[in-house]
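**Student:** Just passing along the structure, written as structure tokens.
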Amino acid sequence: MDTKYIFVTGGVVSSLGKGIISASIGKLLQARGYKVTIQKFDPYINIDPGTLNPYEHGECYVTEDGMETDLDLGHYERFTGIHTTRHNSITTGRIYKTVIDRERKGDYLGKTIQVVPHITDEIKRRMLRAPLNPSEGRNGFDSPLHLEGSGEAFDFVITEVGGTIGDIESAPFMEAIRQLRWQLGRNAVCVHLTYVPYLKAADELKTKPTQHSVKELQGMGIQPDILVLRTERHLDDSMRLKVASFCNVDLECVVQSEDMPSIYEVPVNMQRQGLDAAILRKIGIPVGETPAMVPWHTFLEKQRNASREVHIGLVGKYDLQDAYKSIRESLNLAGIYNDVKAKIHFINSEGITPENVAEQLSGMAGIVVCPGFGQRGIEGKIIAAEYTRTHDIPTFGICLGMQMMVIEFARNVLGYKDANSAEMNPDTPHNVIDMMEEQKNITQMGGTMRLGAYDCELVEGSRAWEAYNNQCSMFNAQCSIKERHRHRYEFNNKYKAEYEANGMKCVGINPAADLVEIVEIPEKKWYIGAQFHPEYSSTVLHPHPLFMSFVKACLES
Ligand code: GLN
């Protein structure tokens, strides 16, 4: 079958959950046996979000092939289990960079380079995942192929466009969609997500913003096929009919997305209203039977039944839900599979002192020491790691969090009072965390860290090995794992023997570069630090074994 393209845009306000809707559509089509991918187009000028402060855009998600991307890719992977790549996260910056680089190479043969058609053509090429060399297809667009290097052909490519209709910067993306719609005919479908506010004083739901949003879209030449109305209150059929008739959309193509107790209920809610069936009908594919999605329903059942709570502290510096999105979701998922509700408490490491640490961590069954960059808040992380180590409270250090566990151990067990990471103090005499050799000559910030999936050999019999082998059949009987990274600094092997002799073991090693990827103190209930980010590979149907075993330990402690 020809590849079909679904475009997802948003109107009225941002933060409506376009990523969740896109991921849900992906999930539902995948459940019908189609090969799906989901990509995000962001209209900002940064080449990627890797250099953005998490306060700006939340967490930076990392793909296996080492691209720093928007956090929506985390939703795509958690919902569908598919592995995204660098082709799934595109920004205006990357589009312009490709066009400008080609212009410098002389590819445009003396033409004046303009937003239309050159920028819009490049957007279209990437939306179609077509090859860069136009000779490979008429105009470069007529053969919807997989993108160079991606090696995969898809039944459905879902493209989510960031921002809100009417934004100046998203106009070229809308123009690209308009053109593609025309070119692809029935092989393209436009889904528009809008908001229906409830006015308390009038006790009424209002559809006018939706009507305006659709008008704006129509003004750009795009007629949406399907409307998804985000609402806090149930919309009755007369409201849906009103929207349908004002917006030129079939009634069955107006679905509502009410607030749900969990984002993982959304695909099922969308399926109940026939969103996937409506998409297939628009494209002209026989709808067939509704897939039962048994594993997904089993998970939801478990989620609904989990009433016991386990309190877990997130020790970090970004007081923003989205900053540690994948860690939060990984804890939630591991909680559900352990039949409990993970209650996550953000604990600002900047406020932790030796005097108040007991009070700050009181009531926590375990803590996660969060990833991060730079000096701010690290002393609080070290104090927290010391407290949980000496009080035997389950502790999970991730990336910078693992590095802080290592520094704490050096200071308080090995006796190197001035131990530090070279990131915080390049002149520290005891650089137990040091810059990786290959990072030393790098001056550019963007995309130059150790990024993406690397091999890690587990030491058999270690706690980490046990976690991978006991918790998740996916990893059964494996000593070799692959996990995603995003860092410049690393455990300093000069100190390895001393750590091991004193009780902190190096139990995960990257064989190619002999880098320490996991440390643990086996005498403790659960005290493990990972240099990689296990949170990026935890999915709804396959929660990550380290999170599973950590939450289990929290429950038992
Ligand atoms: N700042 C640390 C490093 O670069 C850790 C990075 C992280 O936590 N992602 O090594």
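By order in the structure tokens, chains are A, B, ...; within a chain, residues start at 1; ligands start at 1, following the order shown.
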Please tabulate, as JSON lines, the residues of chain A that come within 9 Å of ligand 1, each with its closest pair of atoms and the distance in Å to one decimal, counting only C-alpha atoms and all ligand atoms and ordering rows by chain, then residue number upward.
**Tutor:**
{"residue": "A:Cys370", "atom": "CA", "partner": "ligand 1", "partner_atom_place_in_ligand_line": "8 (O)", "distance": 7.1}
{"residue": "A:Pro371", "atom": "CA", "partner": "ligand 1", "partner_atom_place_in_ligand_line": "8 (O)", "distance": 3.4}
{"residue": "A:Gly372", "atom": "CA", "partner": "ligand 1", "partner_atom_place_in_ligand_line": "8 (O)", "distance": 4.0}
{"residue": "A:Phe373", "atom": "CA", "partner": "ligand 1", "partner_atom_place_in_ligand_line": "1 (N)", "distance": 3.8}
{"residue": "A:Gly374", "atom": "CA", "partner": "ligand 1", "partner_atom_place_in_ligand_line": "1 (N)", "distance": 6.1}
{"residue": "A:Gln375", "atom": "CA", "partner": "ligand 1", "partner_atom_place_in_ligand_line": "1 (N)", "distance": 9.0}
{"residue": "A:Ile398", "atom": "CA", "partner": "ligand 1", "partner_atom_place_in_ligand_line": "8 (O)", "distance": 6.7}
{"residue": "A:Cys399", "atom": "CA", "partner": "ligand 1", "partner_atom_place_in_ligand_line": "8 (O)", "distance": 4.1}
{"residue": "A:Leu400", "atom": "CA", "partner": "ligand 1", "partner_atom_place_in_ligand_line": "8 (O)", "distance": 3.8}
{"residue": "A:Gly401", "atom": "CA", "partner": "ligand 1", "partner_atom_place_in_ligand_line": "8 (O)", "distance": 6.7}
{"residue": "A:Met402", "atom": "CA", "partner": "ligand 1", "partner_atom_place_in_ligand_line": "8 (O)", "distance": 8.4}
{"residue": "A:Gln403", "atom": "CA", "partner": "ligand 1", "partner_atom_place_in_ligand_line": "5 (C)", "distance": 7.4}
{"residue": "A:Ser421", "atom": "CA", "partner": "ligand 1", "partner_atom_place_in_ligand_line": "10 (O)", "distance": 8.7}
{"residue": "A:Glu423", "atom": "CA", "partner": "ligand 1", "partner_atom_place_in_ligand_line": "1 (N)", "distance": 6.9}
{"residue": "A:Met424", "atom": "CA", "partner": "ligand 1", "partner_atom_place_in_ligand_line": "1 (N)", "distance": 8.9}
{"residue": "A:Ile433", "atom": "CA", "partner": "ligand 1", "partner_atom_place_in_ligand_line": "10 (O)", "distance": 8.3}
{"residue": "A:Asp434", "atom": "CA", "partner": "ligand 1", "partner_atom_place_in_ligand_line": "10 (O)", "distance": 8.4}
{"residue": "A:Met435", "atom": "CA", "partner": "ligand 1", "partner_atom_place_in_ligand_line": "10 (O)", "distance": 7.5}
{"residue": "A:Met436", "atom": "CA", "partner": "ligand 1", "partner_atom_place_in_ligand_line": "10 (O)", "distance": 8.6}
{"residue": "A:Met449", "atom": "CA", "partner": "ligand 1", "partner_atom_place_in_ligand_line": "4 (O)", "distance": 7.4}
{"residue": "A:Arg450", "atom": "CA", "partner": "ligand 1", "partner_atom_place_in_ligand_line": "4 (O)", "distance": 8.6}
{"residue": "A:His485", "atom": "CA", "partner": "ligand 1", "partner_atom_place_in_ligand_line": "9 (N)", "distance": 7.4}
{"residue": "A:Arg486", "atom": "CA", "partner": "ligand 1", "partner_atom_place_in_ligand_line": "9 (N)", "distance": 5.0}
{"residue": "A:His487", "atom": "CA", "partner": "ligand 1", "partner_atom_place_in_ligand_line": "4 (O)", "distance": 3.6}
{"residue": "A:Arg488", "atom": "CA", "partner": "ligand 1", "partner_atom_place_in_ligand_line": "4 (O)", "distance": 4.0}
{"residue": "A:Tyr489", "atom": "CA", "partner": "ligand 1", "partner_atom_place_in_ligand_line": "10 (O)", "distance": 3.5}
{"residue": "A:Glu490", "atom": "CA", "partner": "ligand 1", "partner_atom_place_in_ligand_line": "10 (O)", "distance": 6.0}
{"residue": "A:Gln531", "atom": "CA", "partner": "ligand 1", "partner_atom_place_in_ligand_line": "8 (O)", "distance": 7.9}
{"residue": "A:Phe532", "atom": "CA", "partner": "ligand 1", "partner_atom_place_in_ligand_line": "9 (N)", "distance": 8.0}
{"residue": "A:His533", "atom": "CA", "partner": "ligand 1", "partner_atom_place_in_ligand_line": "9 (N)", "distance": 7.7}
**Student:** If we count only C-alpha atoms, what is near region 460-462 of chain A at a cut-off of 8 Å, once residues fewer than 5 positions away on the same chain are taken out, given as a PyMOL selection string?
**Tutor:** chain A and resi 479+507+522
**Student:** Can I get the selection written as an mmCIF file, in the first residue's frame, with N, CA and C atoms?
**Tutor:**
data_model
loop_
_atom_site.group_PDB
_atom_site.id
_atom_site.type_symbol
_atom_site.label_atom_id
_atom_site.label_comp_id
_atom_site.auth_asym_id
_atom_site.auth_seq_id
_atom_site.Cartn_x
_atom_site.Cartn_y
_atom_site.Cartn_z
ATOM 1 N N CYS A 479 23.477 -10.447 29.465
ATOM 2 C CA CYS A 479 24.509 -9.749 30.212
ATOM 3 C C CYS A 479 24.877 -8.482 29.487
ATOM 4 N N VAL A 507 29.478 -2.111 37.973
ATOM 5 C CA VAL A 507 28.830 -3.343 37.520
ATOM 6 C C VAL A 507 28.263 -3.277 36.100
ATOM 7 N N PRO A 522 26.284 -3.038 46.789
ATOM 8 C CA PRO A 522 25.456 -4.253 46.934
ATOM 9 C C PRO A 522 24.936 -4.489 48.351
#
**Student:** Check the smallest atom-to-atom distance from each of A:Phe173, A:Gly166, A:Val157, A:Gly185 to Val115 (chain A) using only C-alpha atoms, then report the winner.
**Tutor:**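 Of the candidates, the smallest distance to Val115 (chain A) is held by A:Phe173.
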**Student:** Based on the backbone DSSP call, show me all residues of region 79-326 of chain A assigned helix (DSSP H, G or I), as an NGL selection string.
**Tutor:** :A and (79-80 or 86-88 or 92-105 or 115-128 or 134-136 or 138-140 or 168-187 or 208-219 or 237-247 or 251-253 or 263-272 or 275-283 or 294-305 or 321-326)
**Student:** Neighbours of Ile226 (chain A) within 8 Å (only C-alpha atoms; same-chain residues fewer than 3 positions away dropped), as a PDB file with N, CA and C atoms, in the first residue's frame?
**Tutor:**
ATOM      1  N   VAL A 189      -4.482  13.033   5.335  1.00  0.00           N
ATOM      2  CA  VAL A 189      -5.606  13.405   6.195  1.00  0.00           C
ATOM      3  C   VAL A 189      -5.124  14.478   7.181  1.00  0.00           C
ATOM      4  N   CYS A 190      -5.976  15.504   7.390  1.00  0.00           N
ATOM      5  CA  CYS A 190      -5.598  16.542   8.351  1.00  0.00           C
ATOM      6  C   CYS A 190      -6.466  16.428   9.600  1.00  0.00           C
ATOM      7  N   VAL A 191      -5.801  16.284  10.721  1.00  0.00           N
ATOM      8  CA  VAL A 191      -6.489  16.225  12.015  1.00  0.00           C
ATOM      9  C   VAL A 191      -6.175  17.527  12.744  1.00  0.00           C
ATOM     10  N   HIS A 192      -7.214  18.205  13.202  1.00  0.00           N
ATOM     11  CA  HIS A 192      -6.987  19.475  13.895  1.00  0.00           C
ATOM     12  C   HIS A 192      -7.515  19.350  15.325  1.00  0.00           C
ATOM     13  N   VAL A 249     -17.180  19.652   8.458  1.00  0.00           N
ATOM     14  CA  VAL A 249     -16.598  18.358   8.820  1.00  0.00           C
ATOM     15  C   VAL A 249     -17.740  17.385   9.113  1.00  0.00           C
ATOM     16  N   ASP A 250     -17.565  16.104   8.724  1.00  0.00           N
ATOM     17  CA  ASP A 250     -18.611  15.107   9.004  1.00  0.00           C
ATOM     18  C   ASP A 250     -18.796  14.943  10.510  1.00  0.00           C
ATOM     19  N   CYS A 253     -16.657  12.648  12.261  1.00  0.00           N
ATOM     20  CA  CYS A 253     -15.249  13.067  12.293  1.00  0.00           C
ATOM     21  C   CYS A 253     -14.996  14.137  13.342  1.00  0.00           C
ATOM     22  N   VAL A 254     -16.014  14.419  14.155  1.00  0.00           N
ATOM     23  CA  VAL A 254     -15.816  15.340  15.280  1.00  0.00           C
ATOM     24  C   VAL A 254     -15.787  14.491  16.542  1.00  0.00           C
ATOM     25  N   VAL A 255     -14.608  14.348  17.125  1.00  0.00           N
ATOM     26  CA  VAL A 255     -14.518  13.544  18.345  1.00  0.00           C
ATOM     27  C   VAL A 255     -14.077  14.449  19.490  1.00  0.00           C
ATOM     28  N   ALA A 278     -12.459   6.665  11.477  1.00  0.00           N
ATOM     29  CA  ALA A 278     -12.741   7.850  10.659  1.00  0.00           C
ATOM     30  C   ALA A 278     -11.548   8.162   9.750  1.00  0.00           C
ATOM     31  N   ILE A 279     -10.347   8.012  10.271  1.00  0.00           N
ATOM     32  CA  ILE A 279      -9.146   8.262   9.463  1.00  0.00           C
ATOM     33  C   ILE A 279      -9.098   7.276   8.291  1.00  0.00           C
TER      34      ILE A 279
END
**Student:** Show me, as an NGL selection string, the residues that have an atom within 12 Å of Gln30 (chain A) when counting only C-alpha atoms, minus same-chain residues fewer than 4 positions from it.
**Tutor:** :A and (23-26 or 34-38 or 76 or 79-82 or 154-158 or 267 or 276 or 290-291 or 293)
**Student:** Would you pick out the contacts of region 343-347 of chain A at 6 Å or less, using only C-alpha atoms, so that residues sharing its chain but fewer than 6 positions from it are not included, and give the list as an MDAnalysis selection string?
**Tutor:** chainID A and resid 310:315
**Student:** Dump N, CA, C and O atoms for the selected residues as a short mmCIF file (atom, residue, chain, number, x, y, z; two decimals), in the first residue's frame?
**Tutor:**
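Output below, filename part.cif:
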data_model
loop_
_atom_site.label_atom_id
_atom_site.label_comp_id
_atom_site.auth_asym_id
_atom_site.auth_seq_id
_atom_site.Cartn_x
_atom_site.Cartn_y
_atom_site.Cartn_z
N VAL A 310 3.09 4.62 46.82
CA VAL A 310 4.48 4.60 47.25
C VAL A 310 5.03 6.00 46.97
O VAL A 310 4.83 6.56 45.89
N HIS A 311 5.68 6.57 47.99
CA HIS A 311 6.14 7.96 47.86
C HIS A 311 7.60 7.99 47.44
O HIS A 311 8.46 7.42 48.10
N ILE A 312 7.83 8.66 46.32
CA ILE A 312 9.19 8.71 45.78
C ILE A 312 9.61 10.17 45.59
O ILE A 312 8.86 10.97 45.03
N GLY A 313 10.78 10.50 46.08
CA GLY A 313 11.28 11.87 45.96
C GLY A 313 12.11 12.03 44.70
O GLY A 313 12.95 11.19 44.39
N LEU A 314 11.82 13.10 43.96
CA LEU A 314 12.63 13.43 42.77
C LEU A 314 13.55 14.56 43.19
O LEU A 314 13.10 15.70 43.36
N VAL A 315 14.83 14.28 43.39
CA VAL A 315 15.74 15.33 43.85
C VAL A 315 16.38 15.95 42.61
O VAL A 315 17.20 15.34 41.93
#
**Student:** Which neighbours of Tyr318 (chain A) fall inside 8 Å, counting only C-alpha atoms, when residues of the same chain fewer than 2 positions from it are skipped, and could you give them as a short mmCIF file (atom, residue, chain, number, x, y, z; two decimals) with N, CA and C atoms, in the first residue's frame?
**Tutor:**
data_model
loop_
_atom_site.label_atom_id
_atom_site.label_comp_id
_atom_site.auth_asym_id
_atom_site.auth_seq_id
_atom_site.Cartn_x
_atom_site.Cartn_y
_atom_site.Cartn_z
N PRO A 54 15.73 23.38 30.16
CA PRO A 54 14.48 22.63 30.36
C PRO A 54 13.30 23.53 30.77
N TYR A 55 13.57 24.70 31.34
CA TYR A 55 12.47 25.61 31.66
C TYR A 55 11.75 26.08 30.40
N GLY A 316 15.94 17.16 42.30
CA GLY A 316 16.42 17.83 41.09
C GLY A 316 16.34 19.33 41.25
N LEU A 320 9.47 21.92 37.44
CA LEU A 320 8.56 21.99 36.30
C LEU A 320 8.25 20.56 35.90
N ALA A 323 10.09 18.88 33.02
CA ALA A 323 11.55 18.82 32.98
C ALA A 323 12.08 17.40 33.16
N ASN A 348 13.42 20.16 45.69
CA ASN A 348 14.40 21.04 45.07
C ASN A 348 15.75 20.90 45.76
#
**Student:** Can you pull out every residue from region 247-424 of chain A that DSSP, working from the backbone, puts in strand (DSSP E), and format the result as a list of chain:residue names?
**Tutor:**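 Reading the DSSP output for region 247-424 of chain A, strand (DSSP E) covers A:Val254, A:Val255, A:Gln256, A:Ser257, A:Glu258, A:Glu309, A:Val310, A:His311, A:Ile312, A:Gly313, A:Leu314, A:Val315, A:Gly316, A:Lys341, A:Ala342, A:Lys343, A:Ile344, A:His345, A:Phe346, A:Ile347, A:Asn348, A:Gly366, A:Ile367, A:Val368, A:Val369, A:Thr395, A:Phe396, A:Gly397, A:Ile398.
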**Student:** If you count only C-alpha atoms, which residues fall within 10 Å of Gly17 (chain A), apart from same-chain ones fewer than 3 positions away, as an MDAnalysis selection string?
**Tutor:** chainID A and resid 10 14 20:23 72 193:194 230 257 263
**Student:** Take the residues just selected and output them with all heavy atoms as a PDB file, in the first residue's frame.
**Tutor:**
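Result written to result.pdb:
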ATOM      1  N   GLY A  10      -2.703  22.081  15.759  1.00  0.00           N
ATOM      2  CA  GLY A  10      -3.439  22.486  16.956  1.00  0.00           C
ATOM      3  C   GLY A  10      -3.912  23.922  16.849  1.00  0.00           C
ATOM      4  O   GLY A  10      -3.261  24.749  16.196  1.00  0.00           O
ATOM      5  N   SER A  14      -1.987  26.502  23.137  1.00  0.00           N
ATOM      6  CA  SER A  14      -1.012  25.410  23.122  1.00  0.00           C
ATOM      7  C   SER A  14      -1.268  24.496  24.326  1.00  0.00           C
ATOM      8  O   SER A  14      -2.182  24.748  25.111  1.00  0.00           O
ATOM      9  CB  SER A  14       0.412  25.968  23.144  1.00  0.00           C
ATOM     10  OG  SER A  14       0.576  26.774  24.273  1.00  0.00           O
ATOM     11  N   ILE A  20      -0.046  13.663  22.638  1.00  0.00           N
ATOM     12  CA  ILE A  20      -0.781  12.489  23.138  1.00  0.00           C
ATOM     13  C   ILE A  20      -1.752  11.993  22.064  1.00  0.00           C
ATOM     14  O   ILE A  20      -1.912  10.786  21.869  1.00  0.00           O
ATOM     15  CB  ILE A  20      -1.580  12.849  24.428  1.00  0.00           C
ATOM     16  CG1 ILE A  20      -0.678  13.507  25.477  1.00  0.00           C
ATOM     17  CG2 ILE A  20      -2.331  11.650  24.987  1.00  0.00           C
ATOM     18  CD1 ILE A  20       0.312  12.597  26.111  1.00  0.00           C
ATOM     19  N   ILE A  21      -2.395  12.944  21.385  1.00  0.00           N
ATOM     20  CA  ILE A  21      -3.336  12.551  20.323  1.00  0.00           C
ATOM     21  C   ILE A  21      -2.574  11.884  19.174  1.00  0.00           C
ATOM     22  O   ILE A  21      -2.980  10.838  18.655  1.00  0.00           O
ATOM     23  CB  ILE A  21      -4.165  13.767  19.830  1.00  0.00           C
ATOM     24  CG1 ILE A  21      -5.131  14.245  20.930  1.00  0.00           C
ATOM     25  CG2 ILE A  21      -4.921  13.460  18.527  1.00  0.00           C
ATOM     26  CD1 ILE A  21      -6.226  13.228  21.312  1.00  0.00           C
ATOM     27  N   SER A  22      -1.448  12.464  18.793  1.00  0.00           N
ATOM     28  CA  SER A  22      -0.646  11.870  17.709  1.00  0.00           C
ATOM     29  C   SER A  22      -0.200  10.461  18.108  1.00  0.00           C
ATOM     30  O   SER A  22      -0.276   9.513  17.315  1.00  0.00           O
ATOM     31  CB  SER A  22       0.589  12.721  17.409  1.00  0.00           C
ATOM     32  OG  SER A  22       0.213  14.038  17.112  1.00  0.00           O
ATOM     33  N   ALA A  23       0.277  10.330  19.360  1.00  0.00           N
ATOM     34  CA  ALA A  23       0.736   9.021  19.842  1.00  0.00           C
ATOM     35  C   ALA A  23      -0.435   8.028  19.883  1.00  0.00           C
ATOM     36  O   ALA A  23      -0.273   6.848  19.565  1.00  0.00           O
ATOM     37  CB  ALA A  23       1.365   9.154  21.221  1.00  0.00           C
ATOM     38  N   ASP A  72       7.889  15.218  23.070  1.00  0.00           N
ATOM     39  CA  ASP A  72       6.773  14.463  22.493  1.00  0.00           C
ATOM     40  C   ASP A  72       7.229  13.124  21.917  1.00  0.00           C
ATOM     41  O   ASP A  72       6.451  12.169  21.856  1.00  0.00           O
ATOM     42  CB  ASP A  72       6.053  15.280  21.412  1.00  0.00           C
ATOM     43  CG  ASP A  72       4.985  16.175  22.032  1.00  0.00           C
ATOM     44  OD1 ASP A  72       4.342  15.735  23.007  1.00  0.00           O
ATOM     45  OD2 ASP A  72       4.806  17.313  21.561  1.00  0.00           O
ATOM     46  N   LEU A 193      -6.642  19.708  16.266  1.00  0.00           N
ATOM     47  CA  LEU A 193      -7.001  19.616  17.677  1.00  0.00           C
ATOM     48  C   LEU A 193      -7.320  21.014  18.184  1.00  0.00           C
ATOM     49  O   LEU A 193      -6.498  21.927  18.022  1.00  0.00           O
ATOM     50  CB  LEU A 193      -5.805  19.028  18.433  1.00  0.00           C
ATOM     51  CG  LEU A 193      -5.927  18.783  19.921  1.00  0.00           C
ATOM     52  CD1 LEU A 193      -6.938  17.687  20.192  1.00  0.00           C
ATOM     53  CD2 LEU A 193      -4.569  18.351  20.493  1.00  0.00           C
ATOM     54  N   THR A 194      -8.503  21.193  18.763  1.00  0.00           N
ATOM     55  CA  THR A 194      -8.846  22.528  19.278  1.00  0.00           C
ATOM     56  C   THR A 194      -9.383  22.410  20.702  1.00  0.00           C
ATOM     57  O   THR A 194      -9.479  21.313  21.252  1.00  0.00           O
ATOM     58  CB  THR A 194      -9.921  23.236  18.424  1.00  0.00           C
ATOM     59  OG1 THR A 194     -11.185  22.641  18.730  1.00  0.00           O
ATOM     60  CG2 THR A 194      -9.643  23.162  16.953  1.00  0.00           C
ATOM     61  N   ARG A 230     -10.730  19.242  22.538  1.00  0.00           N
ATOM     62  CA  ARG A 230     -10.296  19.053  23.925  1.00  0.00           C
ATOM     63  C   ARG A 230     -11.283  19.784  24.822  1.00  0.00           C
ATOM     64  O   ARG A 230     -11.644  20.935  24.563  1.00  0.00           O
ATOM     65  CB  ARG A 230      -8.883  19.615  24.133  1.00  0.00           C
ATOM     66  CG  ARG A 230      -7.801  18.717  23.644  1.00  0.00           C
ATOM     67  CD  ARG A 230      -7.538  17.536  24.586  1.00  0.00           C
ATOM     68  NE  ARG A 230      -6.911  17.950  25.819  1.00  0.00           N
ATOM     69  CZ  ARG A 230      -7.445  17.756  27.025  1.00  0.00           C
ATOM     70  NH1 ARG A 230      -8.612  17.173  27.182  1.00  0.00           N
ATOM     71  NH2 ARG A 230      -6.791  18.141  28.095  1.00  0.00           N
ATOM     72  N   SER A 257     -12.085  14.931  23.205  1.00  0.00           N
ATOM     73  CA  SER A 257     -11.056  14.387  24.076  1.00  0.00           C
ATOM     74  C   SER A 257     -11.212  15.052  25.437  1.00  0.00           C
ATOM     75  O   SER A 257     -10.682  16.121  25.694  1.00  0.00           O
ATOM     76  CB  SER A 257      -9.680  14.663  23.463  1.00  0.00           C
ATOM     77  OG  SER A 257      -8.675  14.242  24.330  1.00  0.00           O
ATOM     78  N   ILE A 263      -3.192   9.813  30.857  1.00  0.00           N
ATOM     79  CA  ILE A 263      -3.015   9.978  29.404  1.00  0.00           C
ATOM     80  C   ILE A 263      -3.127   8.639  28.670  1.00  0.00           C
ATOM     81  O   ILE A 263      -3.440   8.608  27.494  1.00  0.00           O
ATOM     82  CB  ILE A 263      -1.655  10.638  29.058  1.00  0.00           C
ATOM     83  CG1 ILE A 263      -0.483   9.872  29.675  1.00  0.00           C
ATOM     84  CG2 ILE A 263      -1.631  12.101  29.457  1.00  0.00           C
ATOM     85  CD1 ILE A 263       0.890  10.371  29.214  1.00  0.00           C
TER      86      ILE A 263
END
**Student:** Using only C-alpha atoms, pick whichever of A:Ala244, A:Ala31, A:Val12, A:Lys381 has the shortest atom-to-atom distance to His212 (chain A).
**Tutor:** A:Val12
